[in-house]
$ cat protein.pdb   # PDB, C-alpha atoms and all ligand atoms
ATOM      1  CA  MET T   1      20.460  25.522 -18.034  1.00  0.00           C
ATOM      2  CA  ASN T   2      16.982  26.559 -16.867  1.00  0.00           C
ATOM      3  CA  ASN T   3      15.357  25.043 -19.945  1.00  0.00           C
ATOM      4  CA  ARG T   4      16.797  21.630 -19.201  1.00  0.00           C
ATOM      5  CA  CYS T   5      14.759  18.902 -17.523  1.00  0.00           C
ATOM      6  CA  ILE T   6      17.515  18.155 -15.032  1.00  0.00           C
ATOM      7  CA  GLN T   7      20.174  20.464 -13.640  1.00  0.00           C
ATOM      8  CA  LEU T   8      23.663  19.608 -12.414  1.00  0.00           C
ATOM      9  CA  ILE T   9      24.214  21.381  -9.095  1.00  0.00           C
ATOM     10  CA  PRO T  10      27.636  21.533  -7.419  1.00  0.00           C
ATOM     11  CA  THR T  11      27.241  20.417  -3.805  1.00  0.00           C
ATOM     12  CA  ASP T  12      29.754  22.951  -2.503  1.00  0.00           C
ATOM     13  CA  GLY T  13      28.300  25.872  -4.433  1.00  0.00           C
ATOM     14  CA  GLY T  14      31.422  26.085  -6.592  1.00  0.00           C
ATOM     15  CA  ASP T  15      31.690  25.190 -10.239  1.00  0.00           C
ATOM     16  CA  ASP T  16      35.268  24.019 -10.677  1.00  0.00           C
ATOM     17  CA  ASP T  17      36.371  20.563 -11.736  1.00  0.00           C
ATOM     18  CA  GLU T  18      36.772  19.457  -8.126  1.00  0.00           C
ATOM     19  CA  SER T  19      33.066  19.946  -7.339  1.00  0.00           C
ATOM     20  CA  VAL T  20      30.824  16.979  -6.697  1.00  0.00           C
ATOM     21  CA  TYR T  21      27.556  17.405  -8.566  1.00  0.00           C
ATOM     22  CA  TYR T  22      24.064  16.180  -7.894  1.00  0.00           C
ATOM     23  CA  LEU T  23      21.043  16.111 -10.134  1.00  0.00           C
ATOM     24  CA  GLN T  24      18.019  18.268  -9.552  1.00  0.00           C
ATOM     25  CA  TYR T  25      14.914  19.238 -11.442  1.00  0.00           C
ATOM     26  CA  PRO T  26      14.601  23.006 -11.889  1.00  0.00           C
ATOM     27  CA  PRO T  27      12.197  24.424  -9.235  1.00  0.00           C
ATOM     28  CA  GLU T  28       9.466  25.256 -11.759  1.00  0.00           C
ATOM     29  CA  ARG T  29       9.569  21.690 -13.090  1.00  0.00           C
ATOM     30  CA  GLU T  30       9.316  20.287  -9.550  1.00  0.00           C
ATOM     31  CA  GLU T  31       6.261  22.424  -8.908  1.00  0.00           C
ATOM     32  CA  GLN T  32       4.632  21.223 -12.150  1.00  0.00           C
ATOM     33  CA  GLN T  33       5.248  17.622 -11.116  1.00  0.00           C
ATOM     34  CA  ARG T  34       3.859  18.177  -7.628  1.00  0.00           C
ATOM     35  CA  VAL T  35       0.679  19.737  -9.018  1.00  0.00           C
ATOM     36  CA  ALA T  36       0.279  16.983 -11.637  1.00  0.00           C
ATOM     37  CA  ALA T  37       0.827  14.224  -9.063  1.00  0.00           C
ATOM     38  CA  ALA T  38      -1.691  15.797  -6.674  1.00  0.00           C
ATOM     39  CA  ALA T  39      -4.270  15.929  -9.487  1.00  0.00           C
ATOM     40  CA  VAL T  40      -3.726  12.242 -10.313  1.00  0.00           C
ATOM     41  CA  GLU T  41      -3.971  11.330  -6.626  1.00  0.00           C
ATOM     42  CA  ARG T  42      -7.315  13.133  -6.375  1.00  0.00           C
ATOM     43  CA  GLN T  43      -8.632  11.378  -9.493  1.00  0.00           C
ATOM     44  CA  LEU T  44      -7.509   7.971  -8.246  1.00  0.00           C
ATOM     45  CA  ALA T  45      -9.165   8.530  -4.874  1.00  0.00           C
ATOM     46  CA  SER T  46     -12.382   9.607  -6.534  1.00  0.00           C
ATOM     47  CA  TRP T  47     -12.293   6.604  -8.915  1.00  0.00           C
ATOM     48  CA  ILE T  48     -12.080   4.037  -6.148  1.00  0.00           C
ATOM     49  CA  GLY T  49     -14.258   5.995  -3.747  1.00  0.00           C
ATOM     50  CA  ALA T  50     -11.616   6.740  -1.118  1.00  0.00           C
ATOM     51  CA  GLY T  51     -10.753   9.806   0.898  1.00  0.00           C
ATOM     52  CA  GLY T  52      -7.278  10.143  -0.583  1.00  0.00           C
ATOM     53  CA  SER T  53      -4.402   8.415  -2.337  1.00  0.00           C
ATOM     54  CA  LEU T  54      -0.632   8.704  -2.522  1.00  0.00           C
ATOM     55  CA  LEU T  55       1.479   8.153  -5.627  1.00  0.00           C
ATOM     56  CA  LEU T  56       4.806   6.374  -5.196  1.00  0.00           C
ATOM     57  CA  PRO T  57       7.395   5.503  -7.834  1.00  0.00           C
ATOM     58  CA  SER T  58       6.845   1.732  -7.696  1.00  0.00           C
ATOM     59  CA  GLY T  59       4.704  -0.932  -6.092  1.00  0.00           C
ATOM     60  CA  TYR T  60       7.735  -2.126  -4.151  1.00  0.00           C
ATOM     61  CA  GLN T  61       8.204   1.316  -2.622  1.00  0.00           C
ATOM     62  CA  ALA T  62       4.477   1.610  -1.981  1.00  0.00           C
ATOM     63  CA  ASN T  63       4.454  -1.611   0.039  1.00  0.00           C
ATOM     64  CA  LEU T  64       7.587  -0.723   2.009  1.00  0.00           C
ATOM     65  CA  THR T  65       6.234   2.748   2.735  1.00  0.00           C
ATOM     66  CA  LEU T  66       2.836   1.466   3.749  1.00  0.00           C
ATOM     67  CA  MET T  67       4.057  -1.274   6.061  1.00  0.00           C
ATOM     68  CA  VAL T  68       6.594   0.896   7.837  1.00  0.00           C
ATOM     69  CA  ALA T  69       4.054   3.726   8.147  1.00  0.00           C
ATOM     70  CA  ILE T  70       1.243   1.755   9.717  1.00  0.00           C
ATOM     71  CA  ALA T  71       2.817  -1.183  11.570  1.00  0.00           C
ATOM     72  CA  GLY T  72       5.549  -1.255  14.170  1.00  0.00           C
ATOM     73  CA  PRO T  73       6.869  -3.002  17.265  1.00  0.00           C
ATOM     74  CA  GLY T  74       3.990  -4.250  19.412  1.00  0.00           C
ATOM     75  CA  ASP T  75       1.703  -4.723  16.397  1.00  0.00           C
ATOM     76  CA  VAL T  76       0.795  -8.048  14.806  1.00  0.00           C
ATOM     77  CA  VAL T  77       0.371  -8.540  11.061  1.00  0.00           C
ATOM     78  CA  VAL T  78      -1.334 -11.701   9.835  1.00  0.00           C
ATOM     79  CA  SER T  79      -0.023 -12.350   6.326  1.00  0.00           C
ATOM     80  CA  ASP T  80      -0.900 -14.770   3.489  1.00  0.00           C
ATOM     81  CA  GLU T  81       1.965 -17.184   2.809  1.00  0.00           C
ATOM     82  CA  ASP T  82       1.946 -16.316  -0.917  1.00  0.00           C
ATOM     83  CA  ASN T  83       2.209 -12.550  -0.455  1.00  0.00           C
ATOM     84  CA  HIS T  84       4.581 -10.670  -2.733  1.00  0.00           C
ATOM     85  CA  ALA T  85       8.200 -10.104  -1.655  1.00  0.00           C
ATOM     86  CA  SER T  86       7.589  -6.360  -1.345  1.00  0.00           C
ATOM     87  CA  LEU T  87       4.984  -6.995   1.353  1.00  0.00           C
ATOM     88  CA  ILE T  88       7.332  -9.409   3.122  1.00  0.00           C
ATOM     89  CA  ASP T  89      10.220  -6.917   3.010  1.00  0.00           C
ATOM     90  CA  GLY T  90       7.938  -4.135   4.244  1.00  0.00           C
ATOM     91  CA  LEU T  91       6.814  -6.295   7.154  1.00  0.00           C
ATOM     92  CA  ARG T  92      10.421  -7.089   8.086  1.00  0.00           C
ATOM     93  CA  LEU T  93      11.277  -3.395   8.101  1.00  0.00           C
ATOM     94  CA  SER T  94       8.185  -2.534  10.170  1.00  0.00           C
ATOM     95  CA  ARG T  95       9.427  -4.749  13.034  1.00  0.00           C
ATOM     96  CA  ALA T  96       5.832  -5.830  13.689  1.00  0.00           C
ATOM     97  CA  ARG T  97       5.289  -9.455  14.683  1.00  0.00           C
ATOM     98  CA  VAL T  98       4.286 -11.415  11.573  1.00  0.00           C
ATOM     99  CA  LYS T  99       2.044 -14.478  11.623  1.00  0.00           C
ATOM    100  CA  ILE T 100       1.706 -16.394   8.363  1.00  0.00           C
ATOM    101  CA  TYR T 101      -1.576 -18.047   7.408  1.00  0.00           C
ATOM    102  CA  ARG T 102      -2.031 -20.801   4.827  1.00  0.00           C
ATOM    103  CA  HIS T 103      -2.568 -19.401   1.354  1.00  0.00           C
ATOM    104  CA  GLY T 104      -6.145 -18.213   0.836  1.00  0.00           C
ATOM    105  CA  ASP T 105      -7.308 -19.749   4.119  1.00  0.00           C
ATOM    106  CA  ALA T 106      -9.565 -17.164   5.794  1.00  0.00           C
ATOM    107  CA  GLU T 107     -10.339 -19.521   8.699  1.00  0.00           C
ATOM    108  CA  HIS T 108      -6.647 -19.856   9.490  1.00  0.00           C
ATOM    109  CA  ALA T 109      -6.275 -16.072   9.245  1.00  0.00           C
ATOM    110  CA  ALA T 110      -9.238 -15.615  11.630  1.00  0.00           C
ATOM    111  CA  ALA T 111      -7.673 -18.057  14.116  1.00  0.00           C
ATOM    112  CA  LEU T 112      -4.392 -16.086  14.060  1.00  0.00           C
ATOM    113  CA  LEU T 113      -6.319 -12.827  14.536  1.00  0.00           C
ATOM    114  CA  GLU T 114      -8.073 -14.396  17.515  1.00  0.00           C
ATOM    115  CA  GLN T 115      -4.681 -15.393  18.984  1.00  0.00           C
ATOM    116  CA  SER T 116      -3.453 -11.822  18.551  1.00  0.00           C
ATOM    117  CA  ARG T 117      -5.899 -10.167  20.923  1.00  0.00           C
ATOM    118  CA  GLY T 118      -3.992  -7.853  23.231  1.00  0.00           C
ATOM    119  CA  ALA T 119      -1.519  -6.697  20.589  1.00  0.00           C
ATOM    120  CA  ARG T 120      -1.200  -2.940  20.173  1.00  0.00           C
ATOM    121  CA  ARG T 121      -2.784  -3.058  16.703  1.00  0.00           C
ATOM    122  CA  VAL T 122      -3.583  -6.000  14.453  1.00  0.00           C
ATOM    123  CA  PHE T 123      -3.648  -6.109  10.656  1.00  0.00           C
ATOM    124  CA  CYS T 124      -4.270  -8.730   8.006  1.00  0.00           C
ATOM    125  CA  VAL T 125      -2.475  -8.324   4.674  1.00  0.00           C
ATOM    126  CA  THR T 126      -3.187 -10.082   1.392  1.00  0.00           C
ATOM    127  CA  GLU T 127      -3.018  -9.557  -2.342  1.00  0.00           C
ATOM    128  CA  SER T 128      -6.444  -9.493  -4.023  1.00  0.00           C
ATOM    129  CA  ILE T 129      -5.422 -11.344  -7.204  1.00  0.00           C
ATOM    130  CA  PHE T 130      -2.240 -13.250  -6.387  1.00  0.00           C
ATOM    131  CA  SER T 131       0.795 -12.597  -8.520  1.00  0.00           C
ATOM    132  CA  MET T 132       2.023 -16.164  -8.181  1.00  0.00           C
ATOM    133  CA  GLY T 133      -1.156 -18.155  -8.883  1.00  0.00           C
ATOM    134  CA  GLY T 134      -3.589 -15.671 -10.403  1.00  0.00           C
ATOM    135  CA  ASP T 135      -6.233 -16.748  -7.865  1.00  0.00           C
ATOM    136  CA  LEU T 136      -8.472 -14.466  -5.813  1.00  0.00           C
ATOM    137  CA  ALA T 137      -8.135 -13.962  -2.069  1.00  0.00           C
ATOM    138  CA  PRO T 138     -11.276 -14.644   0.024  1.00  0.00           C
ATOM    139  CA  LEU T 139     -11.690 -10.916   0.640  1.00  0.00           C
ATOM    140  CA  ALA T 140     -15.260 -10.975   1.952  1.00  0.00           C
ATOM    141  CA  ALA T 141     -14.345 -13.600   4.584  1.00  0.00           C
ATOM    142  CA  LEU T 142     -11.099 -11.810   5.501  1.00  0.00           C
ATOM    143  CA  SER T 143     -12.935  -8.513   5.779  1.00  0.00           C
ATOM    144  CA  GLU T 144     -15.527 -10.085   8.070  1.00  0.00           C
ATOM    145  CA  ALA T 145     -12.811 -11.680  10.239  1.00  0.00           C
ATOM    146  CA  CYS T 146     -11.022  -8.330  10.519  1.00  0.00           C
ATOM    147  CA  LEU T 147     -14.216  -6.572  11.528  1.00  0.00           C
ATOM    148  CA  GLN T 148     -14.870  -9.193  14.194  1.00  0.00           C
ATOM    149  CA  HIS T 149     -11.370  -8.877  15.622  1.00  0.00           C
ATOM    150  CA  GLY T 150     -10.941  -5.109  15.298  1.00  0.00           C
ATOM    151  CA  ALA T 151      -8.119  -5.595  12.783  1.00  0.00           C
ATOM    152  CA  GLY T 152      -7.231  -3.553   9.715  1.00  0.00           C
ATOM    153  CA  LEU T 153      -7.330  -5.282   6.328  1.00  0.00           C
ATOM    154  CA  ILE T 154      -4.603  -4.318   3.853  1.00  0.00           C
ATOM    155  CA  VAL T 155      -5.193  -5.413   0.266  1.00  0.00           C
ATOM    156  CA  ASP T 156      -2.514  -5.164  -2.424  1.00  0.00           C
ATOM    157  CA  GLU T 157      -4.487  -4.591  -5.626  1.00  0.00           C
ATOM    158  CA  ALA T 158      -1.445  -4.734  -7.923  1.00  0.00           C
ATOM    159  CA  HIS T 159      -3.032  -7.232 -10.287  1.00  0.00           C
ATOM    160  CA  ALA T 160      -6.673  -6.296  -9.819  1.00  0.00           C
ATOM    161  CA  LEU T 161      -7.027  -2.542 -10.110  1.00  0.00           C
ATOM    162  CA  GLY T 162      -8.284  -1.707 -13.587  1.00  0.00           C
ATOM    163  CA  VAL T 163      -8.916  -5.402 -14.227  1.00  0.00           C
ATOM    164  CA  VAL T 164     -11.766  -6.616 -11.993  1.00  0.00           C
ATOM    165  CA  GLY T 165     -14.600  -5.069 -10.023  1.00  0.00           C
ATOM    166  CA  PRO T 166     -17.162  -2.416 -10.954  1.00  0.00           C
ATOM    167  CA  ALA T 167     -15.483   0.192 -13.180  1.00  0.00           C
ATOM    168  CA  GLY T 168     -12.233  -1.707 -12.617  1.00  0.00           C
ATOM    169  CA  ARG T 169     -12.080  -0.632  -8.997  1.00  0.00           C
ATOM    170  CA  GLY T 170     -10.289  -3.819  -7.979  1.00  0.00           C
ATOM    171  CA  GLY T 171     -10.711  -7.067  -6.095  1.00  0.00           C
ATOM    172  CA  PHE T 172     -12.060  -5.607  -2.872  1.00  0.00           C
ATOM    173  CA  ALA T 173     -14.851  -3.846  -4.762  1.00  0.00           C
ATOM    174  CA  ALA T 174     -15.485  -7.073  -6.723  1.00  0.00           C
ATOM    175  CA  SER T 175     -15.760  -9.106  -3.517  1.00  0.00           C
ATOM    176  CA  GLY T 176     -18.945  -7.328  -2.496  1.00  0.00           C
ATOM    177  CA  ALA T 177     -17.566  -6.893   1.014  1.00  0.00           C
ATOM    178  CA  ALA T 178     -19.239  -4.093   2.908  1.00  0.00           C
ATOM    179  CA  PRO T 179     -17.781  -0.669   2.156  1.00  0.00           C
ATOM    180  CA  GLU T 180     -17.167  -0.331   5.876  1.00  0.00           C
ATOM    181  CA  PRO T 181     -14.628  -0.256   7.393  1.00  0.00           C
ATOM    182  CA  LEU T 182     -12.999   2.705   5.717  1.00  0.00           C
ATOM    183  CA  VAL T 183     -11.128   2.080   2.492  1.00  0.00           C
ATOM    184  CA  ALA T 184      -8.084   4.193   1.799  1.00  0.00           C
ATOM    185  CA  PRO T 185      -5.777   3.680  -1.196  1.00  0.00           C
ATOM    186  CA  SER T 186      -2.189   4.075  -0.184  1.00  0.00           C
ATOM    187  CA  GLY T 187      -0.162   3.826  -3.312  1.00  0.00           C
ATOM    188  CA  ILE T 188       0.005   3.144  -7.000  1.00  0.00           C
ATOM    189  CA  SER T 189       3.087   1.929  -8.758  1.00  0.00           C
ATOM    190  CA  SER T 190       4.844   2.300 -12.045  1.00  0.00           C
ATOM    191  CA  SER T 191       2.946  -0.718 -13.316  1.00  0.00           C
ATOM    192  CA  SER T 192      -0.487   0.521 -12.219  1.00  0.00           C
ATOM    193  CA  ASP T 193      -0.230  -1.339  -8.945  1.00  0.00           C
ATOM    194  CA  SER T 194      -2.167  -0.031  -6.036  1.00  0.00           C
ATOM    195  CA  ILE T 195      -2.498  -0.842  -2.435  1.00  0.00           C
ATOM    196  CA  ARG T 196      -5.775  -0.544  -0.675  1.00  0.00           C
ATOM    197  CA  LEU T 197      -5.775  -0.072   3.033  1.00  0.00           C
ATOM    198  CA  THR T 198      -8.958  -0.994   4.810  1.00  0.00           C
ATOM    199  CA  LEU T 199      -9.196  -0.151   8.458  1.00  0.00           C
ATOM    200  CA  PRO T 200     -11.950  -0.095  11.037  1.00  0.00           C
ATOM    201  CA  LEU T 201     -12.660   3.430  12.204  1.00  0.00           C
ATOM    202  CA  SER T 202     -11.016   2.779  15.570  1.00  0.00           C
ATOM    203  CA  SER T 203      -7.745   1.649  13.978  1.00  0.00           C
ATOM    204  CA  MET T 204      -7.990   4.338  11.373  1.00  0.00           C
ATOM    205  CA  SER T 205      -7.970   7.117  13.899  1.00  0.00           C
ATOM    206  CA  SER T 206      -4.927   5.702  15.627  1.00  0.00           C
ATOM    207  CA  THR T 207      -2.954   5.142  12.435  1.00  0.00           C
ATOM    208  CA  ARG T 208      -3.850   8.390  10.657  1.00  0.00           C
ATOM    209  CA  THR T 209      -1.196  10.768  11.863  1.00  0.00           C
TER     210      THR T 209
HETATM  211  C1  LIG T 301       1.373  -8.125  -5.751  1.00  0.00           C
HETATM  212  C2  LIG T 301       2.510  -7.216  -6.089  1.00  0.00           C
HETATM  213  N1  LIG T 301       2.751  -6.167  -5.292  1.00  0.00           N
HETATM  214  C3  LIG T 301       3.765  -5.312  -5.549  1.00  0.00           C
HETATM  215  C4  LIG T 301       4.600  -5.493  -6.633  1.00  0.00           C
HETATM  216  C5  LIG T 301       5.739  -4.541  -6.866  1.00  0.00           C
HETATM  217  O1  LIG T 301       5.416  -3.668  -7.908  1.00  0.00           O
HETATM  218  P1  LIG T 301       6.559  -2.921  -8.762  1.00  0.00           P
HETATM  219  O2  LIG T 301       7.058  -3.916  -9.766  1.00  0.00           O
HETATM  220  O3  LIG T 301       5.870  -1.744  -9.390  1.00  0.00           O
HETATM  221  O4  LIG T 301       7.643  -2.507  -7.808  1.00  0.00           O
HETATM  222  C6  LIG T 301       4.378  -6.566  -7.500  1.00  0.00           C
HETATM  223  C7  LIG T 301       5.243  -6.772  -8.670  1.00  0.00           C
HETATM  224  O5  LIG T 301       5.098  -7.675  -9.437  1.00  0.00           O
HETATM  225  C8  LIG T 301       3.315  -7.458  -7.213  1.00  0.00           C
HETATM  226  O6  LIG T 301       3.078  -8.536  -7.986  1.00  0.00           O
END
$ encode --input "protein.pdb" --output "structure tokens"
Amino acid sequence: MNNRCIQLIPTDGGDDDESVYYLQYPPEREEQQRVAAAAVERQLASWIGAGGSLLLPSGYQANLTLMVAIAGPGDVVVSDEDNHASLIDGLRLSRARVKIYRHGDAEHAAALLEQSRGARRVFCVTESIFSMGGDLAPLAALSEACLQHGAGLIVDEAHALGVVGPAGRGGFAASGAAPEPLVAPSGISSSSDSIRLTLPLSSMSSTRT
């Protein structure tokens, strides 16, 4: 049994026909996977010049995890109307207030950020290369608007990482936007998706727990 990739474990500790079984990797295999994943996370972070990264099984899970982790009741998230369903679902689960801006319209996004002063925390979320149209988000203008309004910029690089930017580092790197505020990758999916989280230092300290 120990040589197998996956073990069948009886939930009640017994091994008769009545037992309900669950699947589990053997402990040594789990440890190998943890070490391998940590090594990949370090390499990814170093590649895109970030302090750290977190591997998740899919882009969908990465977006749900990210949104629920950083946004919550009392926060406002300004979101492009063409954002992927995983971002929309993540925002619903976060219970943050969502304000939708016209697709690719950085001025509209800036106006919504302006209207959101007083919220606990404010974020703007966009894809870098859009899955629906293949067009690029105005990342430099969005980044500037976020800096002006003390908001965090979240960029889903699902279709840009490894494709555009210096050394394939994605749409945000390609945009030439200032490396500040901090850039932190938050996930990479089964299909090489990644999510880049860009936060001003002030927001970063309050969301890094
Ligand atoms: C922009 C974007 N984000 C996230 C996802 C979800 O990624 P996954 O298919 O790995 O769950 C997709 C999938 O197409 C996507 O286009």
$ residues_around --input "protein.pdb" --residues "region 89-92 of chain T" --least-positions-apart "3" --cutoff "7 Å" --atoms "only C-alpha atoms" --output "list in words"
Asn63, Leu64, Met67, Val68, Ala85, Ser86, Arg95 and Ala96 of chain T
$ closest_residue --input "protein.pdb" --among "T:Gly176, T:Gly59, T:Gly104, T:Gly150" --to "ligand LIG 301 (chain T)" --atoms "all atoms listed in the file"
T:Gly59
$ resolve_selection --input "protein.pdb" --expression "the PyMOL selection byres (((chain T and resi 144) around 10) and not hetatm)" --output "PyMOL selection string"
chain T and resi 106+110+139-143+145-151+153+177-178+181
$ write_last_selection --input "protein.pdb" --atoms "C-alpha atoms" --output "PDB file, in the coordinates of the input"
ATOM      1  CA  ALA T 106      -9.565 -17.164   5.794  1.00  0.00           C
ATOM      2  CA  ALA T 110      -9.238 -15.615  11.630  1.00  0.00           C
ATOM      3  CA  LEU T 139     -11.690 -10.916   0.640  1.00  0.00           C
ATOM      4  CA  ALA T 140     -15.260 -10.975   1.952  1.00  0.00           C
ATOM      5  CA  ALA T 141     -14.345 -13.600   4.584  1.00  0.00           C
ATOM      6  CA  LEU T 142     -11.099 -11.810   5.501  1.00  0.00           C
ATOM      7  CA  SER T 143     -12.935  -8.513   5.779  1.00  0.00           C
ATOM      8  CA  ALA T 145     -12.811 -11.680  10.239  1.00  0.00           C
ATOM      9  CA  CYS T 146     -11.022  -8.330  10.519  1.00  0.00           C
ATOM     10  CA  LEU T 147     -14.216  -6.572  11.528  1.00  0.00           C
ATOM     11  CA  GLN T 148     -14.870  -9.193  14.194  1.00  0.00           C
ATOM     12  CA  HIS T 149     -11.370  -8.877  15.622  1.00  0.00           C
ATOM     13  CA  GLY T 150     -10.941  -5.109  15.298  1.00  0.00           C
ATOM     14  CA  ALA T 151      -8.119  -5.595  12.783  1.00  0.00           C
ATOM     15  CA  LEU T 153      -7.330  -5.282   6.328  1.00  0.00           C
ATOM     16  CA  ALA T 177     -17.566  -6.893   1.014  1.00  0.00           C
ATOM     17  CA  ALA T 178     -19.239  -4.093   2.908  1.00  0.00           C
ATOM     18  CA  PRO T 181     -14.628  -0.256   7.393  1.00  0.00           C
TER      19      PRO T 181
END
$ residues_near_point --input "protein.pdb" --point "(-2.7, -1.9, 11.5)" --cutoff "7 Å" --atoms "all atoms listed in the file" --output "PyMOL selection string"
chain T and resi 70-71+121-123+151-152+203
$ atom_distance --input "protein.pdb" --atom1 "CA of Glu28 (chain T)" --atom2 "CA of Gly51 (chain T)"
28.4 Å
$ residues_near_ligand --input "protein.pdb" --ligand "ligand LIG 301 (chain T)" --cutoff "12 Å" --atoms "only C-alpha atoms and all ligand atoms" --output "PyMOL selection string"
chain T and resi 55-66+80+82-90+125-137+154-161+187-196
$ residues_around --input "protein.pdb" --residues "Gln115 (chain T)" --least-positions-apart "4" --cutoff "12 Å" --atoms "only C-alpha atoms" --output "short mmCIF file (atom, residue, chain, number, x, y, z; two decimals) with C-alpha atoms, in the coordinates of the input"
data_model
loop_
_atom_site.label_atom_id
_atom_site.label_comp_id
_atom_site.auth_asym_id
_atom_site.auth_seq_id
_atom_site.Cartn_x
_atom_site.Cartn_y
_atom_site.Cartn_z
CA VAL T 76 0.80 -8.05 14.81
CA VAL T 77 0.37 -8.54 11.06
CA VAL T 78 -1.33 -11.70 9.84
CA LYS T 99 2.04 -14.48 11.62
CA HIS T 108 -6.65 -19.86 9.49
CA ALA T 109 -6.28 -16.07 9.24
CA ALA T 110 -9.24 -15.62 11.63
CA ALA T 111 -7.67 -18.06 14.12
CA ALA T 119 -1.52 -6.70 20.59
CA VAL T 122 -3.58 -6.00 14.45
CA HIS T 149 -11.37 -8.88 15.62
#
$ atom_distance --input "protein.pdb" --atom1 "CA of Leu93 (chain T)" --atom2 "CA of Glu114 (chain T)"
24.2 Å
$ atom_distance --input "protein.pdb" --atom1 "CA of Ala167 (chain T)" --atom2 "CA of Glu81 (chain T)"
29.4 Å
$ axis_aligned_box --input "protein.pdb" --around "region 168-174 of chain T" --padding-each-side "8 Å" --output "AutoDock Vina command-line options"
--center_x -12.9 --center_y -3.9 --center_z -7.7 --size_x 21.2 --size_y 22.4 --size_z 25.7
$ residues_around --input "protein.pdb" --residues "Arg120 (chain T)" --least-positions-apart "2" --cutoff "7 Å" --atoms "all atoms listed in the file" --output "list in words"
Gly74, Asp75, Gly118 and Val122 of chain T
